[in-house]
>>> print(open('input.tsv').read())   # TSV, C-alpha atoms and all ligand atoms
chain	number	residue	atom	x	y	z
T	1	MET	CA	38.57	22.55	56.16
T	2	SER	CA	35.93	19.89	55.62
T	3	MET	CA	34.82	19.07	52.09
T	4	THR	CA	31.82	17.34	50.61
T	5	ASN	CA	31.45	15.67	47.19
T	6	ALA	CA	34.54	13.64	46.28
T	7	ASN	CA	33.79	14.22	42.57
T	8	PHE	CA	34.22	18.03	42.80
T	9	PRO	CA	35.11	18.83	46.41
T	10	MET	CA	33.72	22.03	47.96
T	11	ASP	CA	33.34	23.13	51.57
T	12	ALA	CA	30.09	24.13	53.28
T	13	GLU	CA	30.43	27.71	51.99
T	14	GLY	CA	30.91	26.49	48.39
T	15	ARG	CA	34.67	27.13	48.30
T	16	THR	CA	36.68	25.01	45.88
T	17	TYR	CA	39.32	22.65	47.25
T	18	HIS	CA	42.51	24.20	45.80
T	19	VAL	CA	41.87	27.74	44.53
T	20	GLY	CA	39.56	28.32	47.50
T	21	VAL	CA	37.14	30.72	45.81
T	22	LYS	CA	33.34	30.73	46.11
T	23	ARG	CA	30.53	32.36	44.10
T	24	GLY	CA	30.69	36.16	44.12
T	25	GLU	CA	34.45	36.38	44.72
T	26	LEU	CA	35.58	36.06	41.12
T	27	ALA	CA	34.74	38.24	38.09
T	28	ASN	CA	33.81	36.85	34.67
T	29	ARG	CA	36.97	38.49	33.28
T	30	VAL	CA	40.13	37.01	34.72
T	31	ILE	CA	43.85	37.57	34.23
T	32	THR	CA	46.02	34.65	35.30
T	33	VAL	CA	49.73	34.87	36.11
T	34	GLY	CA	52.23	32.48	37.63
T	35	ASP	CA	53.98	34.70	40.15
T	36	PRO	CA	51.93	36.11	43.09
T	37	VAL	CA	54.13	39.22	43.15
T	38	ARG	CA	53.20	39.85	39.51
T	39	ALA	CA	49.53	39.62	40.57
T	40	MET	CA	50.16	42.27	43.27
T	41	ILE	CA	51.93	44.55	40.78
T	42	LEU	CA	49.02	44.24	38.34
T	43	ALA	CA	46.55	44.95	41.16
T	44	ARG	CA	48.07	48.43	41.50
T	45	SER	CA	46.36	49.34	38.20
T	46	LEU	CA	42.90	48.61	39.59
T	47	ASP	CA	40.42	51.37	40.40
T	48	GLY	CA	40.82	53.18	43.72
T	49	VAL	CA	44.18	51.67	44.66
T	50	ASP	CA	46.29	53.83	46.94
T	51	PRO	CA	49.63	54.54	45.16
T	52	ALA	CA	51.31	54.35	48.60
T	53	THR	CA	50.40	50.64	48.93
T	54	PRO	CA	53.61	48.90	50.04
T	55	ALA	CA	55.37	46.71	47.45
T	56	LYS	CA	54.61	42.98	47.57
T	57	SER	CA	51.26	43.44	49.27
T	58	VAL	CA	47.67	43.37	48.08
T	59	PRO	CA	45.96	46.80	48.11
T	60	SER	CA	43.72	46.78	51.18
T	61	ASN	CA	40.57	48.01	49.38
T	62	LEU	CA	40.50	44.95	47.07
T	63	PHE	CA	39.10	41.50	47.76
T	64	SER	CA	41.93	38.96	48.08
T	65	LEU	CA	42.23	35.33	49.04
T	66	ALA	CA	45.43	33.28	49.43
T	67	SER	CA	44.54	29.58	49.32
T	68	HIS	CA	46.25	26.84	51.30
T	69	ARG	CA	47.51	25.41	47.96
T	70	GLY	CA	49.34	28.51	46.82
T	71	PHE	CA	46.71	30.27	44.67
T	72	LEU	CA	46.19	34.03	45.16
T	73	THR	CA	42.95	35.63	43.93
T	74	ILE	CA	42.47	39.41	43.80
T	75	THR	CA	39.19	40.96	42.61
T	76	GLY	CA	38.41	44.61	41.90
T	77	ARG	CA	37.48	46.86	39.00
T	78	TYR	CA	39.47	48.25	36.07
T	79	LYS	CA	37.85	51.36	34.52
T	80	ASN	CA	34.78	50.29	36.50
T	81	VAL	CA	34.62	46.80	34.92
T	82	PRO	CA	34.84	43.88	37.42
T	83	VAL	CA	38.05	41.90	36.92
T	84	SER	CA	40.01	39.29	38.85
T	85	ILE	CA	43.69	38.40	38.90
T	86	VAL	CA	44.62	34.85	39.90
T	87	ALA	CA	48.23	33.77	40.55
T	88	ILE	CA	48.48	30.03	40.06
T	89	GLY	CA	52.13	29.08	40.48
T	90	MET	CA	53.65	26.89	37.77
T	91	GLY	CA	52.80	23.98	35.51
T	92	ILE	CA	49.96	22.38	33.63
T	93	SER	CA	48.25	20.89	36.71
T	94	MET	CA	48.00	24.33	38.32
T	95	MET	CA	46.42	25.71	35.15
T	96	ASP	CA	43.92	22.82	35.20
T	97	PHE	CA	42.95	23.57	38.84
T	98	PHE	CA	42.58	27.26	38.02
T	99	VAL	CA	40.41	26.91	34.92
T	100	ARG	CA	38.08	24.23	36.32
T	101	GLU	CA	37.64	25.64	39.83
T	102	CYS	CA	37.15	29.22	38.63
T	103	ARG	CA	34.65	28.07	36.00
T	104	ALA	CA	32.72	26.22	38.73
T	105	VAL	CA	32.00	29.34	40.81
T	106	VAL	CA	31.13	31.89	38.11
T	107	ASP	CA	27.81	32.14	36.26
T	108	GLY	CA	27.76	33.10	32.59
T	109	PRO	CA	30.52	33.41	29.99
T	110	MET	CA	34.14	33.98	31.03
T	111	LEU	CA	37.26	35.53	29.52
T	112	MET	CA	40.62	34.24	30.75
T	113	ILE	CA	43.91	35.82	29.67
T	114	ARG	CA	47.34	34.71	30.83
T	115	LEU	CA	50.30	37.04	31.37
T	116	GLY	CA	53.30	34.76	31.76
T	117	SER	CA	57.03	34.70	31.29
T	118	CYS	CA	58.75	32.47	28.75
T	119	GLY	CA	61.90	31.42	26.98
T	120	SER	CA	62.24	32.31	23.31
T	121	LEU	CA	63.83	30.11	20.66
T	122	SER	CA	63.17	32.77	18.01
T	123	ASP	CA	64.69	36.26	17.57
T	124	CYS	CA	62.61	38.01	20.26
T	125	LYS	CA	64.76	39.86	22.79
T	126	VAL	CA	64.48	39.67	26.57
T	127	GLY	CA	61.74	42.06	27.66
T	128	ASP	CA	59.74	41.65	24.41
T	129	ILE	CA	56.16	40.36	24.48
T	130	CYS	CA	54.87	37.37	22.51
T	131	VAL	CA	51.19	36.82	21.77
T	132	PRO	CA	50.72	33.22	20.62
T	133	SER	CA	47.73	32.54	18.38
T	134	SER	CA	48.04	28.82	19.20
T	135	SER	CA	49.92	26.45	21.45
T	136	PHE	CA	51.09	22.82	21.43
T	137	LEU	CA	52.18	20.56	24.28
T	138	VAL	CA	55.68	19.10	24.69
T	139	GLN	CA	55.74	16.06	26.98
T	140	ARG	CA	58.59	13.85	28.03
T	141	ASN	CA	57.87	10.32	26.76
T	142	VAL	CA	58.77	8.44	29.93
T	143	ASP	CA	58.49	5.07	28.15
T	144	TYR	CA	61.32	6.09	25.81
T	145	PHE	CA	63.63	6.13	28.84
T	146	SER	CA	62.60	2.67	30.07
T	147	GLU	CA	64.90	-0.26	29.42
T	148	ASP	CA	62.55	-2.47	27.45
T	149	GLY	CA	63.47	-1.48	23.92
T	150	ASP	CA	62.16	0.90	21.27
T	151	ASN	CA	59.46	3.21	22.64
T	152	GLY	CA	59.26	6.00	20.05
T	153	SER	CA	60.79	9.47	20.41
T	154	PRO	CA	61.93	11.02	23.69
T	155	TYR	CA	59.35	13.85	23.47
T	156	HIS	CA	55.69	13.83	22.39
T	157	LEU	CA	54.56	16.96	20.52
T	158	SER	CA	50.79	17.49	20.39
T	159	LYS	CA	48.74	19.19	17.70
T	160	SER	CA	48.28	22.95	18.18
T	161	VAL	CA	45.15	24.43	19.73
T	162	ALA	CA	44.12	27.99	18.84
T	163	ALA	CA	43.56	30.91	21.21
T	164	ASP	CA	40.43	32.99	20.79
T	165	PRO	CA	41.23	35.02	17.63
T	166	GLU	CA	39.60	38.25	18.85
T	167	ILE	CA	41.48	38.16	22.17
T	168	THR	CA	44.75	37.53	20.30
T	169	GLN	CA	44.16	40.45	17.95
T	170	VAL	CA	43.21	42.83	20.79
T	171	LEU	CA	46.28	41.75	22.80
T	172	VAL	CA	48.61	42.47	19.87
T	173	LYS	CA	47.05	45.92	19.45
T	174	ASN	CA	47.20	46.86	23.15
T	175	MET	CA	50.65	45.40	23.79
T	176	SER	CA	51.96	47.28	20.74
T	177	ALA	CA	50.47	50.51	22.16
T	178	ALA	CA	52.03	49.82	25.59
T	179	LEU	CA	55.51	48.62	24.53
T	180	GLY	CA	55.92	49.69	20.88
T	181	GLU	CA	55.17	47.37	17.99
T	182	ASP	CA	58.85	46.42	17.51
T	183	HIS	CA	58.65	44.68	20.89
T	184	VAL	CA	55.55	42.58	20.20
T	185	TRP	CA	55.70	39.23	18.37
T	186	SER	CA	53.04	36.91	16.95
T	187	GLY	CA	53.57	33.18	16.52
T	188	ILE	CA	53.05	29.85	18.22
T	189	ASN	CA	53.75	28.78	21.80
T	190	ALA	CA	55.05	25.45	23.07
T	191	THR	CA	53.95	24.48	26.59
T	192	ALA	CA	56.41	22.06	28.18
T	193	ASP	CA	55.96	19.68	31.11
T	194	SER	CA	59.38	20.71	32.51
T	195	PHE	CA	61.39	23.92	32.68
T	196	TYR	CA	64.40	21.73	31.94
T	197	SER	CA	64.29	18.58	29.80
T	198	SER	CA	61.28	19.34	27.62
T	199	GLN	CA	62.50	22.94	27.11
T	200	GLY	CA	65.79	21.65	25.72
T	201	ARG	CA	67.98	22.63	28.68
T	202	GLN	CA	71.12	20.52	29.03
T	203	ASP	CA	71.68	18.86	32.42
T	204	GLU	CA	74.45	16.31	32.80
T	205	ASN	CA	72.80	14.90	35.93
T	206	PHE	CA	70.01	13.34	33.88
T	207	LEU	CA	69.58	11.42	30.66
T	208	ASP	CA	67.26	13.73	28.69
T	209	GLU	CA	68.00	13.05	24.99
T	210	ASN	CA	66.95	16.62	24.13
T	211	GLN	CA	69.89	17.93	22.06
T	212	GLU	CA	67.72	18.00	18.91
T	213	LEU	CA	64.56	19.25	20.59
T	214	PHE	CA	64.56	22.82	19.19
T	215	THR	CA	65.01	21.46	15.66
T	216	GLN	CA	62.09	19.09	16.28
T	217	LEU	CA	59.85	21.84	17.64
T	218	LEU	CA	60.54	24.06	14.63
T	219	ALA	CA	59.99	21.17	12.20
T	220	HIS	CA	56.66	20.48	13.97
T	221	GLU	CA	55.55	24.16	13.99
T	222	PRO	CA	57.93	26.49	12.08
T	223	LYS	CA	56.39	29.57	13.77
T	224	THR	CA	57.25	28.34	17.30
T	225	LEU	CA	58.34	31.44	19.25
T	226	THR	CA	58.09	30.63	22.93
T	227	LEU	CA	58.50	27.91	25.54
T	228	GLU	CA	56.66	28.05	28.85
T	229	MET	CA	54.58	25.77	31.07
T	230	GLU	CA	50.80	26.52	31.13
T	231	THR	CA	49.29	28.16	28.04
T	232	PHE	CA	48.39	25.00	26.10
T	233	VAL	CA	46.11	23.82	28.93
T	234	LEU	CA	44.36	27.19	29.07
T	235	TYR	CA	43.65	27.13	25.31
T	236	HIS	CA	42.70	23.44	25.37
T	237	LEU	CA	40.28	23.75	28.31
T	238	ALA	CA	38.69	26.90	26.86
T	239	ARG	CA	38.05	24.95	23.64
T	240	SER	CA	36.75	22.02	25.71
T	241	SER	CA	34.49	24.16	27.89
T	242	THR	CA	30.81	23.33	27.56
T	243	GLN	CA	27.77	25.52	27.93
T	244	ALA	CA	26.71	23.89	31.22
T	245	SER	CA	27.42	27.09	33.14
T	246	LEU	CA	25.41	29.18	30.67
T	247	LYS	CA	22.17	27.27	31.01
T	248	LYS	CA	20.91	29.64	33.73
T	249	ASP	CA	21.70	32.66	31.61
T	250	SER	CA	18.98	33.00	28.99
T	251	ALA	CA	20.29	36.38	27.76
T	252	TYR	CA	23.59	34.80	26.85
T	253	GLN	CA	21.94	31.88	25.09
T	254	LYS	CA	19.86	34.23	22.95
T	255	THR	CA	22.76	36.29	21.65
T	256	ASN	CA	25.82	34.10	21.51
T	257	GLY	CA	26.25	31.16	19.17
T	258	SER	CA	29.54	29.93	20.67
T	259	LYS	CA	29.66	26.34	21.92
T	260	ASN	CA	32.17	27.26	24.65
T	261	SER	CA	31.65	29.16	27.89
T	262	ILE	CA	35.30	30.29	28.18
T	263	ARG	CA	37.29	32.36	25.68
T	264	ALA	CA	41.03	32.45	26.29
T	265	GLY	CA	44.17	34.21	25.15
T	266	ALA	CA	47.71	34.64	26.40
T	267	CYS	CA	50.81	36.71	26.14
T	268	MET	CA	54.21	36.26	27.68
T	269	MET	CA	57.26	38.35	28.50
T	270	VAL	CA	60.54	36.93	27.22
T	271	PHE	CA	62.71	36.21	30.28
T	272	ALA	CA	65.16	33.76	28.63
T	273	GLN	CA	66.61	34.20	25.13
T	274	ARG	CA	67.59	30.64	24.31
T	275	LYS	CA	69.57	31.44	21.12
T	276	THR	CA	71.86	34.02	22.73
T	277	ASN	CA	71.60	32.67	26.31
T	278	ASP	CA	70.55	36.10	27.70
T	279	PHE	CA	68.36	36.25	30.81
T	280	ILE	CA	66.24	39.28	31.75
T	281	THR	CA	67.45	41.62	34.52
T	282	LYS	CA	65.34	42.60	37.55
T	283	ASP	CA	65.23	46.18	36.26
T	284	ASP	CA	63.82	45.04	32.93
T	285	VAL	CA	61.14	42.96	34.67
T	286	ALA	CA	60.20	46.00	36.76
T	287	ARG	CA	59.95	48.09	33.56
T	288	VAL	CA	58.01	45.58	31.44
T	289	GLU	CA	55.49	44.13	33.93
T	290	PRO	CA	53.46	47.33	34.51
T	291	LEU	CA	53.44	48.11	30.75
T	292	ALA	CA	52.29	44.58	29.93
T	293	GLY	CA	49.76	44.95	32.74
T	294	LYS	CA	48.23	47.98	31.04
T	295	GLY	CA	48.03	46.11	27.73
T	296	ILE	CA	46.39	43.09	29.31
T	297	PHE	CA	43.78	44.99	31.37
T	298	GLU	CA	42.80	47.07	28.34
T	299	SER	CA	42.41	43.85	26.34
T	300	LEU	CA	40.40	42.15	29.08
T	301	ILE	CA	37.79	44.92	29.12
T	302	GLN	CA	37.69	45.56	25.35
T	303	VAL	CA	36.50	42.05	24.44
T	304	SER	CA	32.78	41.57	24.91
T	305	LEU	CA	31.55	38.78	27.17
T	306	GLY	CA	28.62	38.28	24.83
T	307	GLY	CA	25.04	38.00	26.00
T	308	ASN	CA	23.82	40.37	28.66
T	309	GLU	CA	26.96	42.37	29.41
T	310	GLU	CA	25.14	44.58	31.94
T	311	LEU	CA	24.16	41.57	34.02
T	312	HIS	CA	27.74	40.35	34.26
T	313	SER	CA	29.20	43.77	34.95
T	314	GLU	CA	27.31	43.74	38.25
T	315	GLU	CA	28.96	40.49	39.31
T	316	GLY	CA	32.25	39.60	40.84
T	317	SER	CA	33.13	42.58	43.01
F	1	LIG	C1	59.04	28.98	35.03
F	1	LIG	O1	60.03	29.83	35.49
F	1	LIG	C2	57.67	29.61	35.08
F	1	LIG	O2	57.67	30.85	34.34
F	1	LIG	C3	56.69	30.82	33.30
F	1	LIG	C4	56.51	29.33	33.05
F	1	LIG	O3	55.34	29.06	32.34
F	1	LIG	C5	56.60	28.74	34.42
F	1	LIG	O4	55.40	28.83	35.13
F	1	LIG	O5	55.49	31.48	33.55
F	1	LIG	P1	55.11	32.38	34.83
F	1	LIG	O6	56.12	33.49	34.89
F	1	LIG	O7	53.72	32.88	34.57
F	1	LIG	O8	55.15	31.48	36.04
F	2	LIG	N1	59.59	30.33	31.76
F	2	LIG	C1	59.81	29.16	31.14
F	2	LIG	O1	59.00	28.23	31.25
F	2	LIG	N2	60.94	29.01	30.44
F	2	LIG	C2	61.86	29.97	30.35
F	2	LIG	O2	62.88	29.75	29.69
F	2	LIG	C3	61.63	31.20	31.00
F	2	LIG	C4	60.47	31.36	31.71
>>> encode(input="input.tsv", output="structure tokens")
Amino acid sequence: MSMTNANFPMDAEGRTYHVGVKRGELANRVITVGDPVRAMILARSLDGVDPATPAKSVPSNLFSLASHRGFLTITGRYKNVPVSIVAIGMGISMMDFFVRECRAVVDGPMLMIRLGSCGSLSDCKVGDICVPSSSFLVQRNVDYFSEDGDNGSPYHLSKSVAADPEITQVLVKNMSAALGEDHVWSGINATADSFYSSQGRQDENFLDENQELFTQLLAHEPKTLTLEMETFVLYHLARSSTQASLKKDSAYQKTNGSKNSIRAGACMMVFAQRKTNDFITKDDVARVEPLAGKGIFESLIQVSLGGNEELHSEEGS
């Protein structure tokens, strides 16, 4: 694959370097997940999908693209609205690739909603859904572990960044309808730069100094519910998105006062209960994922893109 433009590499067709998508392959409304199999399960809810589609495969009537860097993009329609699902793998760098490269190939406003898995340090049970209205970042302070003296605390905790409030509210409503309101929790998410040290897991093979981490997280944000590895970057980049991509879209400019071109939200399924040490079973994942999928697709199409909705509903599939 040969690329031009070292600043934002794209190939001759206009495909991005890592996600691999080009204009016309991605809808303005996008669900992002970590696990490609979760993306395939969600794709079964899209319009016109054959129920006999084999497990762990992409329905043949949908557009799909597996990139050489592990991203999987699937585009189709849900209740006739163009939507995409992008599996990104794990970690904050993968979320950064996803948000920036997808933004680069779509015209007009975008909605991005994450369906992830998480650990819970609150009372949520495995299989419950959490919808965080904001997220903060937990980063290992590598200098603390150096040998040259006092370098602060072992973990940096950032300020919280808010999700889009309308997306959060619609997610709570639709997840409650799909799973029952007793299984849906609101609160704050912590995005960690490791599954292990900065999520408070104990590992005698490394010096991590994280025995007090949960206490510190709760002192920092008492409503901290969940620990995972991407959501903060999604919320942060949505809030940092500029209107550059909207300049061509006069209808949007006329009707929407927002300074951002991306609105984002997230929800996550509790896989690890960190207080009781429970971990979700395969059967529970198989039960919860399709229900959460229904809640997330309904939410994705119920929030308005703003501007000329008709124009955007013709794009992306
Ligand atoms: C770790 O097991 C992974 O699971 C969570 C974390 O954020 C991390 O990516 O999310 P996904 O299930 O979406 O990958
Ligand atoms: N994903 C995470 O990042 N942490 C967990 O504990 C479970 C899923």
>>> atom_distance(input="input.tsv", atom1="CA of Gly180 (chain T)", atom2="CA of Asp128 (chain T)")
9.6 Å
>>> residues_around(input="input.tsv", residues="region 25-39 of chain T", least_positions_apart="6", cutoff="6 Å", atoms="all atoms listed in the file", output="list in words")
Lys56, Pro82, Val83, Ser84, Ile85, Val86, Ala87, Ile88, Gly89, Met90, Met110, Leu111, Met112, Ile113, Arg114, Leu115, Gly116 and Gly316 of chain T
>>> residues_near_ligand(input="input.tsv", ligand="ligand LIG 2 (chain F)", cutoff="7 Å", atoms="all atoms listed in the file", output="ChimeraX atom specification")
/T:117-120,195,227-229,270-272
>>> write_last_selection(input="input.tsv", atoms="C-alpha atoms", output="PDB file, keeping the file's coordinate frame")
ATOM      1  CA  SER T 117      57.030  34.700  31.290  1.00  0.00           C
ATOM      2  CA  CYS T 118      58.750  32.470  28.750  1.00  0.00           C
ATOM      3  CA  GLY T 119      61.900  31.420  26.980  1.00  0.00           C
ATOM      4  CA  SER T 120      62.240  32.310  23.310  1.00  0.00           C
ATOM      5  CA  PHE T 195      61.390  23.920  32.680  1.00  0.00           C
ATOM      6  CA  LEU T 227      58.500  27.910  25.540  1.00  0.00           C
ATOM      7  CA  GLU T 228      56.660  28.050  28.850  1.00  0.00           C
ATOM      8  CA  MET T 229      54.580  25.770  31.070  1.00  0.00           C
ATOM      9  CA  VAL T 270      60.540  36.930  27.220  1.00  0.00           C
ATOM     10  CA  PHE T 271      62.710  36.210  30.280  1.00  0.00           C
ATOM     11  CA  ALA T 272      65.160  33.760  28.630  1.00  0.00           C
TER      12      ALA T 272
END
>>> residues_around(input="input.tsv", residues="region 47-50 of chain T", least_positions_apart="3", cutoff="9 Å", atoms="all atoms listed in the file", output="VMD selection string")
chain T and resid 43 to 44 53 59 to 62 76 to 80
>>> closest_residue(input="input.tsv", among="T:Arg274, T:Leu218, T:Asn174, T:Ala244", to="Gln199 (chain T)", atoms="only C-alpha atoms")
T:Arg274
>>> closest_residue(input="input.tsv", among="T:Pro132, T:Gly306, T:Gly108, T:Pro54", to="Met40 (chain T)", atoms="only C-alpha atoms")
T:Pro54
>>> atom_distance(input="input.tsv", atom1="CA of Gly14 (chain T)", atom2="CA of Leu237 (chain T)")
22.3 Å
>>> closest_residue(input="input.tsv", among="T:Ile92, T:Ile167, T:Val131, T:Leu207", to="ligand LIG 1 (chain F)", atoms="only C-alpha atoms and all ligand atoms")
T:Ile92
>>> residues_around(input="input.tsv", residues="Phe97 (chain T)", least_positions_apart="4", cutoff="8 Å", atoms="all atoms listed in the file", output="ChimeraX atom specification")
/T:18-19,93,101
>>> closest_residue(input="input.tsv", among="T:Val303, T:Ala55, T:Val233, T:Ala266", to="Ala286 (chain T)", atoms="all atoms listed in the file")
T:Ala55
>>> closest_residue(input="input.tsv", among="T:Val142, T:Ile301, T:Ala219, T:Ile74", to="Ser198 (chain T)", atoms="all atoms listed in the file")
T:Val142
>>> atom_distance(input="input.tsv", atom1="CA of Ile262 (chain T)", atom2="CA of Pro165 (chain T)")
13.0 Å
